[in-house]
>>> print(open('coords-v2.txt').read())   # compact mmCIF, C-alpha atoms
# COMPACT_ATOMS: atom_id res chain seq x y z
CA MET A 3 138.61 108.39 -16.09
CA GLU A 4 135.45 107.10 -14.44
CA LEU A 5 135.90 104.37 -11.85
CA ASN A 6 133.59 101.40 -12.31
CA ILE A 7 133.21 99.52 -9.05
CA LYS A 8 131.78 96.50 -10.83
CA ASP A 9 135.14 95.95 -12.53
CA TYR A 10 136.72 95.43 -9.12
CA LEU A 11 133.97 93.82 -7.04
CA ASN A 12 133.58 90.71 -9.16
CA LEU A 13 132.79 87.25 -7.80
CA PRO A 14 136.42 86.14 -7.16
CA ILE A 15 137.16 89.36 -5.27
CA LEU A 16 134.02 89.02 -3.15
CA ILE A 17 134.92 85.44 -2.26
CA ILE A 18 138.44 86.51 -1.30
CA ILE A 19 137.11 89.34 0.89
CA LEU A 20 134.66 86.96 2.57
CA PHE A 21 137.32 84.40 3.47
CA VAL A 22 139.79 87.09 4.56
CA LEU A 23 137.19 88.50 6.98
CA ILE A 24 136.39 85.02 8.30
CA SER A 25 140.12 84.33 8.74
CA LEU A 26 140.57 87.58 10.66
CA VAL A 27 137.86 86.50 13.10
CA PHE A 28 139.91 83.39 13.91
CA ILE A 29 143.25 85.19 13.94
CA PHE A 30 142.26 88.28 15.94
CA PRO A 31 142.55 86.69 19.45
CA VAL A 32 146.20 85.79 18.74
CA LEU A 33 146.98 88.59 16.30
CA ASN A 34 149.21 90.34 18.83
CA MET A 35 151.41 87.24 19.09
CA VAL A 36 151.63 86.90 15.31
CA VAL A 37 152.58 90.57 14.91
CA LEU A 38 155.10 90.33 17.74
CA GLY A 39 156.48 87.15 16.16
CA ALA A 40 157.02 88.92 12.84
CA ILE A 41 158.79 91.80 14.58
CA LEU A 42 161.00 89.52 16.68
CA ALA A 43 161.77 87.44 13.60
CA TYR A 44 163.19 90.53 11.94
CA GLY A 45 165.51 91.09 14.90
CA ILE A 46 166.52 87.43 15.29
CA LYS A 47 167.07 86.67 11.59
CA PRO A 48 170.59 88.26 11.42
CA VAL A 49 171.63 86.02 14.32
CA ALA A 50 170.22 82.96 12.55
CA ILE A 51 172.05 83.87 9.33
CA LYS A 52 175.37 84.09 11.17
CA ILE A 53 174.79 80.74 12.85
CA GLN A 54 173.73 79.20 9.54
CA SER A 55 177.09 80.17 8.02
CA LYS A 56 178.64 77.71 10.49
CA LEU A 57 175.99 75.00 10.26
CA LYS A 58 174.48 73.10 7.36
CA TYR A 59 170.81 73.02 8.33
CA SER A 60 168.83 76.27 8.35
CA SER A 61 166.11 75.01 10.71
CA ILE A 62 168.67 74.13 13.39
CA SER A 63 170.29 77.55 12.98
CA ILE A 64 166.93 79.26 13.43
CA LEU A 65 166.13 77.23 16.55
CA ILE A 66 169.53 78.03 18.10
CA ALA A 67 169.05 81.75 17.35
CA MET A 68 165.57 81.67 18.88
CA VAL A 69 166.84 79.97 22.02
CA ALA A 70 169.65 82.53 22.26
CA VAL A 71 167.23 85.47 22.04
CA LEU A 72 163.72 84.37 23.08
CA ILE A 73 164.62 82.35 26.18
CA PRO A 74 166.39 85.33 27.86
CA LEU A 75 163.39 87.55 27.01
CA ILE A 76 160.92 85.07 28.52
CA LEU A 77 163.12 84.63 31.59
CA LEU A 78 163.39 88.42 31.94
CA LEU A 79 159.61 88.79 31.82
CA SER A 80 159.19 86.01 34.40
CA TYR A 81 161.82 87.66 36.59
CA ILE A 82 160.02 91.02 36.40
CA ILE A 83 156.66 89.48 37.36
CA PHE A 84 158.26 87.56 40.25
CA GLU A 85 160.21 90.55 41.56
CA VAL A 86 157.17 92.84 41.31
CA SER A 87 155.16 90.43 43.47
CA VAL A 88 157.99 90.11 45.99
CA PHE A 89 158.59 93.88 46.01
CA VAL A 90 154.91 94.70 46.51
CA SER A 91 154.64 92.14 49.30
CA TRP A 92 157.73 93.65 50.93
CA VAL A 93 156.31 97.18 50.67
CA LEU A 94 152.96 96.11 52.13
CA ALA A 95 154.67 94.20 54.95
CA ASN A 96 156.92 97.14 55.80
CA ASN A 97 154.38 99.85 55.20
CA SER A 98 153.76 100.23 58.91
CA ASN A 99 157.43 101.05 59.36
CA THR A 100 157.47 103.88 56.83
CA ASP A 101 157.60 107.33 58.40
CA VAL A 102 156.08 109.71 55.87
CA ALA A 103 155.05 112.14 58.59
CA GLY A 104 158.63 112.17 59.87
CA PHE A 105 159.86 113.07 56.42
CA PHE A 106 157.42 115.97 56.13
CA SER A 107 158.33 117.15 59.63
CA GLN A 108 161.93 117.54 58.43
CA ILE A 109 160.81 119.88 55.67
CA LYS A 110 157.95 121.47 57.63
CA MET A 111 159.46 124.93 57.38
CA TYR A 112 159.22 124.72 53.60
CA LEU A 113 155.55 123.67 53.57
CA PRO A 114 152.60 126.08 53.41
CA ALA A 115 150.96 127.16 56.65
CA GLY A 116 148.22 124.80 57.79
CA PHE A 117 149.61 121.86 55.84
CA ASP A 118 147.99 118.71 57.28
CA ILE A 119 150.86 116.23 57.59
CA ASN A 120 148.69 113.52 59.18
CA ALA A 121 146.21 113.64 56.29
CA VAL A 122 149.03 113.27 53.76
CA ASN A 123 150.52 110.38 55.74
CA SER A 124 147.16 108.61 55.80
CA TYR A 125 146.64 109.25 52.09
CA VAL A 126 150.10 107.89 51.16
CA ASP A 127 149.61 104.77 53.31
CA SER A 128 146.23 104.12 51.69
CA ALA A 129 147.63 104.71 48.20
CA ILE A 130 150.50 102.26 48.80
CA LYS A 131 148.10 99.57 50.00
CA ASN A 132 145.68 100.11 47.09
CA VAL A 133 148.41 100.06 44.45
CA GLY A 134 150.06 97.03 46.00
CA SER A 135 146.77 95.14 46.22
CA TYR A 136 145.95 95.97 42.59
CA ILE A 137 149.34 94.71 41.38
CA LEU A 138 149.10 91.50 43.40
CA ASN A 139 145.55 90.85 42.14
CA TYR A 140 146.70 91.45 38.56
CA ILE A 141 149.55 88.95 38.96
CA VAL A 142 147.16 86.38 40.46
CA LYS A 143 144.76 86.83 37.51
CA LEU A 144 147.71 86.53 35.14
CA ALA A 145 148.72 83.25 36.75
CA GLY A 146 145.12 82.07 36.45
CA LYS A 147 145.35 82.51 32.69
CA LEU A 148 148.32 80.14 32.47
CA ALA A 149 146.67 78.05 29.73
CA ASN A 150 146.12 81.11 27.54
CA LEU A 151 149.66 82.32 28.19
CA THR A 152 151.04 78.93 27.17
CA LEU A 153 149.05 79.04 23.93
CA ASP A 154 150.23 82.62 23.26
CA LEU A 155 153.85 81.62 23.82
CA PHE A 156 153.46 78.61 21.53
CA ILE A 157 152.00 80.78 18.75
CA LEU A 158 154.73 83.37 19.32
CA VAL A 159 157.50 80.78 19.00
CA CYS A 160 155.95 79.24 15.88
CA SER A 161 155.42 82.68 14.32
CA VAL A 162 159.03 83.67 14.93
CA PHE A 163 160.34 80.42 13.46
CA TYR A 164 158.27 80.51 10.27
CA PHE A 165 158.70 84.25 9.69
CA ILE A 166 162.48 83.80 9.90
CA ARG A 167 162.42 80.81 7.57
CA ASP A 168 159.75 81.93 5.09
CA GLY A 169 159.57 85.69 5.60
CA GLU A 170 161.10 86.44 2.20
CA ASN A 171 158.61 84.13 0.50
CA CYS A 172 155.78 85.87 2.34
CA LEU A 173 156.95 89.26 1.05
CA GLU A 174 157.23 87.93 -2.49
CA PHE A 175 153.73 86.47 -2.22
CA ILE A 176 152.33 89.85 -1.16
CA LYS A 177 154.37 91.65 -3.82
CA SER A 178 152.88 89.42 -6.54
CA PHE A 179 149.51 91.12 -5.94
CA VAL A 180 150.99 94.61 -6.28
CA PRO A 181 150.45 96.25 -9.70
CA ASP A 182 153.60 96.93 -11.71
CA GLU A 183 153.19 100.71 -11.39
CA SER A 184 153.18 100.39 -7.57
CA LYS A 185 156.06 97.95 -7.12
CA LYS A 186 158.55 100.77 -6.63
CA PHE A 187 156.36 102.19 -3.87
CA PHE A 188 156.15 98.72 -2.30
CA ASP A 189 159.94 98.29 -2.35
CA ASN A 190 160.52 101.78 -0.90
CA THR A 191 157.95 101.11 1.80
CA ILE A 192 159.68 97.88 2.83
CA LYS A 193 163.01 99.75 3.03
CA SER A 194 161.40 102.47 5.15
CA ILE A 195 159.90 99.86 7.48
CA GLU A 196 163.31 98.21 7.84
CA ASN A 197 164.86 101.57 8.75
CA VAL A 198 162.15 102.19 11.35
CA LEU A 199 162.66 98.74 12.88
CA LYS A 200 166.42 99.23 13.00
CA SER A 201 165.99 102.67 14.55
CA ILE A 202 163.72 101.33 17.29
CA PHE A 203 165.71 98.14 17.85
CA TYR A 204 169.15 99.73 17.96
CA GLY A 205 168.38 103.32 18.89
CA HIS A 206 165.85 102.62 21.64
CA PHE A 207 165.86 98.98 22.76
CA LEU A 208 169.66 98.73 22.77
CA THR A 209 169.94 102.03 24.65
CA SER A 210 167.41 100.73 27.17
CA VAL A 211 169.43 97.53 27.67
CA LEU A 212 172.66 99.48 28.25
CA ILE A 213 171.02 101.91 30.69
CA GLY A 214 169.37 98.99 32.50
CA ILE A 215 172.73 97.22 32.89
CA PHE A 216 174.33 100.40 34.24
CA GLY A 217 171.37 100.78 36.62
CA CYS A 218 171.63 97.20 37.93
CA ILE A 219 175.33 97.64 38.65
CA GLY A 220 175.00 101.11 40.16
CA TYR A 221 172.01 100.46 42.43
CA SER A 222 173.49 97.17 43.64
CA LEU A 223 176.85 98.81 44.47
CA LEU A 224 175.02 101.55 46.37
CA GLY A 225 173.38 98.87 48.51
CA TYR A 226 169.73 99.30 47.60
CA PRO A 227 167.37 96.35 48.19
CA PHE A 228 166.15 94.95 44.86
CA GLY A 229 169.07 96.69 43.12
CA ILE A 230 168.85 94.45 40.04
CA PHE A 231 165.08 94.90 39.83
CA LEU A 232 165.47 98.69 40.09
CA GLY A 233 167.96 98.51 37.22
CA VAL A 234 165.46 96.51 35.14
CA LEU A 235 162.77 99.11 35.85
CA THR A 236 165.22 101.84 34.86
CA GLY A 237 165.80 100.10 31.53
CA ILE A 238 162.05 99.73 30.93
CA LEU A 239 161.37 103.39 31.75
CA GLN A 240 164.24 104.31 29.44
CA LEU A 241 162.13 102.98 26.56
CA ILE A 242 159.42 105.55 27.24
CA PRO A 243 160.17 109.04 25.89
CA VAL A 244 159.88 111.89 28.44
CA PHE A 245 160.19 109.40 31.33
CA GLY A 246 163.69 107.94 31.13
CA PRO A 247 165.46 106.81 34.31
CA TRP A 248 164.68 109.90 36.39
CA PRO A 249 161.60 108.55 38.29
CA ILE A 250 163.75 105.79 39.81
CA TYR A 251 166.75 107.79 40.95
CA TRP A 252 164.66 110.75 42.17
CA ALA A 253 162.47 108.37 44.21
CA LEU A 254 165.61 106.80 45.71
CA PHE A 255 166.98 110.27 46.41
CA PHE A 256 163.92 111.32 48.41
CA ILE A 257 163.81 107.98 50.25
CA ASP A 258 167.45 108.44 51.31
CA ILE A 259 166.76 112.04 52.37
CA ALA A 260 163.79 110.86 54.46
CA SER A 261 165.89 108.14 56.11
CA GLY A 262 168.79 110.53 56.77
CA ASN A 263 171.23 108.85 54.37
CA TYR A 264 172.32 112.15 52.80
CA VAL A 265 175.61 110.89 51.34
CA ARG A 266 173.96 108.11 49.37
CA ALA A 267 171.18 110.50 48.34
CA VAL A 268 173.73 112.81 46.69
CA ILE A 269 175.57 109.87 45.09
CA VAL A 270 172.40 108.31 43.61
CA LEU A 271 171.36 111.71 42.24
CA LEU A 272 174.74 112.14 40.54
CA PHE A 273 174.48 108.57 39.26
CA GLY A 274 171.04 109.37 37.84
CA PHE A 275 172.40 112.42 36.04
CA PHE A 276 175.10 110.16 34.62
CA LEU A 277 172.44 107.76 33.26
CA SER A 278 170.54 110.64 31.66
CA THR A 279 173.72 111.98 30.10
CA VAL A 280 174.63 108.55 28.71
CA ASP A 281 171.16 108.32 27.16
CA MET A 282 171.56 111.73 25.50
CA TYR A 283 174.79 110.51 23.91
CA ILE A 284 173.97 106.90 22.97
CA ARG A 285 170.41 107.17 21.62
CA PRO A 286 171.01 109.85 18.92
CA ASN A 287 174.23 108.17 17.76
CA LEU A 288 172.52 104.79 17.32
CA SER A 289 169.16 105.87 15.88
CA SER A 290 170.44 108.63 13.57
CA HIS A 291 171.95 106.01 11.24
CA TYR A 292 168.46 104.80 10.33
CA ALA A 293 165.06 106.53 10.59
CA ASP A 294 164.38 109.55 12.77
CA ILE A 295 161.18 108.66 14.65
CA HIS A 296 159.43 111.53 16.42
CA PRO A 297 159.32 110.98 20.22
CA LEU A 298 155.55 111.58 20.31
CA ILE A 299 154.97 108.53 18.07
CA LEU A 300 156.97 106.33 20.44
CA LEU A 301 155.37 107.87 23.53
CA ILE A 302 151.82 107.16 22.29
CA GLY A 303 152.88 103.66 21.25
CA PHE A 304 154.40 102.83 24.65
CA LEU A 305 151.47 104.22 26.64
CA ALA A 306 148.58 103.08 24.42
CA GLY A 307 150.06 99.75 23.32
CA PRO A 308 149.45 97.95 26.65
CA LEU A 309 145.82 99.11 26.65
CA VAL A 310 145.24 97.23 23.38
CA TYR A 311 147.69 94.30 23.48
CA GLY A 312 148.47 93.90 27.19
CA ILE A 313 152.09 93.53 28.30
CA VAL A 314 153.35 92.86 24.76
CA GLY A 315 151.90 96.25 23.80
CA PHE A 316 155.02 97.89 25.23
CA VAL A 317 156.85 96.38 22.26
CA VAL A 318 154.14 96.07 19.63
CA GLY A 319 152.60 99.54 20.17
CA PRO A 320 155.56 101.76 19.23
CA LEU A 321 156.64 99.39 16.47
CA ILE A 322 153.23 99.40 14.77
CA LEU A 323 152.95 103.19 15.00
CA GLY A 324 156.52 103.50 13.70
CA ILE A 325 155.74 101.20 10.77
CA THR A 326 152.54 103.17 10.03
CA TYR A 327 154.61 106.35 9.97
CA ALA A 328 157.07 104.70 7.58
CA VAL A 329 154.25 103.65 5.20
CA LEU A 330 152.72 107.13 5.19
CA ASP A 331 156.11 108.78 4.70
CA SER A 332 156.90 106.44 1.80
CA TYR A 333 153.54 107.24 0.15
CA ARG A 334 154.12 110.96 0.67
CA LYS A 335 157.54 110.81 -0.99
CA GLU A 336 156.41 108.58 -3.84
CA TYR A 337 153.04 110.05 -4.86
CA ILE A 338 152.82 113.54 -3.35
CA LEU A 339 156.35 114.90 -3.42
CA GLY A 340 157.34 112.76 -6.38
CA ASP A 341 160.83 111.94 -5.08
CA ASP A 342 162.93 109.74 -7.33
>>> encode(input="coords-v2.txt", output="structure tokens")
Amino acid sequence: MELNIKDYLNLPILIIILFVLISLVFIFPVLNMVVLGAILAYGIKPVAIKIQSKLKYSSISILIAMVAVLIPLILLLSYIIFEVSVFVSWVLANNSNTDVAGFFSQIKMYLPAGFDINAVNSYVDSAIKNVGSYILNYIVKLAGKLANLTLDLFILVCSVFYFIRDGENCLEFIKSFVPDESKKFFDNTIKSIENVLKSIFYGHFLTSVLIGIFGCIGYSLLGYPFGIFLGVLTGILQLIPVFGPWPIYWALFFIDIASGNYVRAVIVLLFGFFLSTVDMYIRPNLSSHYADIHPLILLIGFLAGPLVYGIVGFVVGPLILGITYAVLDSYRKEYILGDD
């Protein structure tokens, strides 16, 4: 059957395409907030439904659910930015007291002949100062964009609210444009997307939260400065496949070895192995009930997301790639494999 483009590119279709493109030009600067709002709405909606069973008004239930979920997330982000600035300032202020050369002198017998300890010490000091200065400058620039951040947060909150309230209507509106022969594919795709979201929310984000809580408690009990912040970093790294919590506890291990605190070094290493073991048990048990997302998809999403969407890319990146995978897998099953 020969495809006639003129049958599809008629005047109404051309007008629709024109206005859709114009709309995208306006939406693109805040598209990340709209997408993040839709994703957060999916996670918050079950909470709103439970609250609504106790209250009469749906809008009030949605607002209460948003406050219960969004406010802690915003406070957590603010806490991370504040602690990073304080931590970097502390490192820069105490950099002169660090004894990298002394650490290498302790392991000198294990180093190759002719190893220049002074050069390494100078390089590490310079690297610490450069990284610290970059982070502080980034935070200052971020604070300078306070007006844009306020607008982004406002759009995010509005997006979450209306997606929770009218998300089903939005799906029905989109479905009304789907031809009858493709409605089954559309329904299967929505189910696949839901499974992917549940897998990432429960299998990865929830695991990260649990590991972060364990880290906050453990590092604080072991007496590390910024113990809670180190736990938060552990939870964030837990989100990234391949990384996990090991960069934190191995760094603390070597710092304790360098400072001569061998007992705590052994304890923090054992504690780190405990965190890794907990992750190996919790993550598969939570995510296996939904979709099985390949780690490479999540890894690319976590690392590339911030390059495109900034900080929110850590969340939006893996979710968008996961949803794309779900759409492709649904198409493969429906039209290529012909699964019923």
>>> atom_distance(input="coords-v2.txt", atom1="CA of Pro297 (chain A)", atom2="CA of Tyr44 (chain A)")
22.4 Å
>>> atom_distance(input="coords-v2.txt", atom1="CA of Ile338 (chain A)", atom2="CA of Lys200 (chain A)")
25.6 Å
>>> closest_residue(input="coords-v2.txt", among="A:Thr209, A:Gly217, A:Ala67, A:Phe228", to="Phe84 (chain A)", atoms="all atoms listed in the file")
A:Phe228
>>> residues_around(input="coords-v2.txt", residues="region 250-252 of chain A", least_positions_apart="5", cutoff="10 Å", atoms="all atoms listed in the file", output="mmCIF file with C-alpha atoms, in the frame of the given file")
data_model
loop_
_atom_site.group_PDB
_atom_site.id
_atom_site.type_symbol
_atom_site.label_atom_id
_atom_site.label_comp_id
_atom_site.auth_asym_id
_atom_site.auth_seq_id
_atom_site.Cartn_x
_atom_site.Cartn_y
_atom_site.Cartn_z
ATOM 1 C CA GLY A 217 171.370 100.780 36.620
ATOM 2 C CA TYR A 221 172.010 100.460 42.430
ATOM 3 C CA LEU A 232 165.470 98.690 40.090
ATOM 4 C CA GLY A 233 167.960 98.510 37.220
ATOM 5 C CA LEU A 235 162.770 99.110 35.850
ATOM 6 C CA THR A 236 165.220 101.840 34.860
ATOM 7 C CA LEU A 239 161.370 103.390 31.750
ATOM 8 C CA PHE A 245 160.190 109.400 31.330
ATOM 9 C CA ILE A 257 163.810 107.980 50.250
ATOM 10 C CA ASP A 258 167.450 108.440 51.310
ATOM 11 C CA ALA A 267 171.180 110.500 48.340
ATOM 12 C CA ILE A 269 175.570 109.870 45.090
ATOM 13 C CA VAL A 270 172.400 108.310 43.610
ATOM 14 C CA LEU A 271 171.360 111.710 42.240
ATOM 15 C CA LEU A 272 174.740 112.140 40.540
ATOM 16 C CA PHE A 273 174.480 108.570 39.260
ATOM 17 C CA GLY A 274 171.040 109.370 37.840
ATOM 18 C CA PHE A 275 172.400 112.420 36.040
ATOM 19 C CA LEU A 277 172.440 107.760 33.260
#
>>> atom_distance(input="coords-v2.txt", atom1="CA of Ile302 (chain A)", atom2="CA of Ile46 (chain A)")
25.6 Å
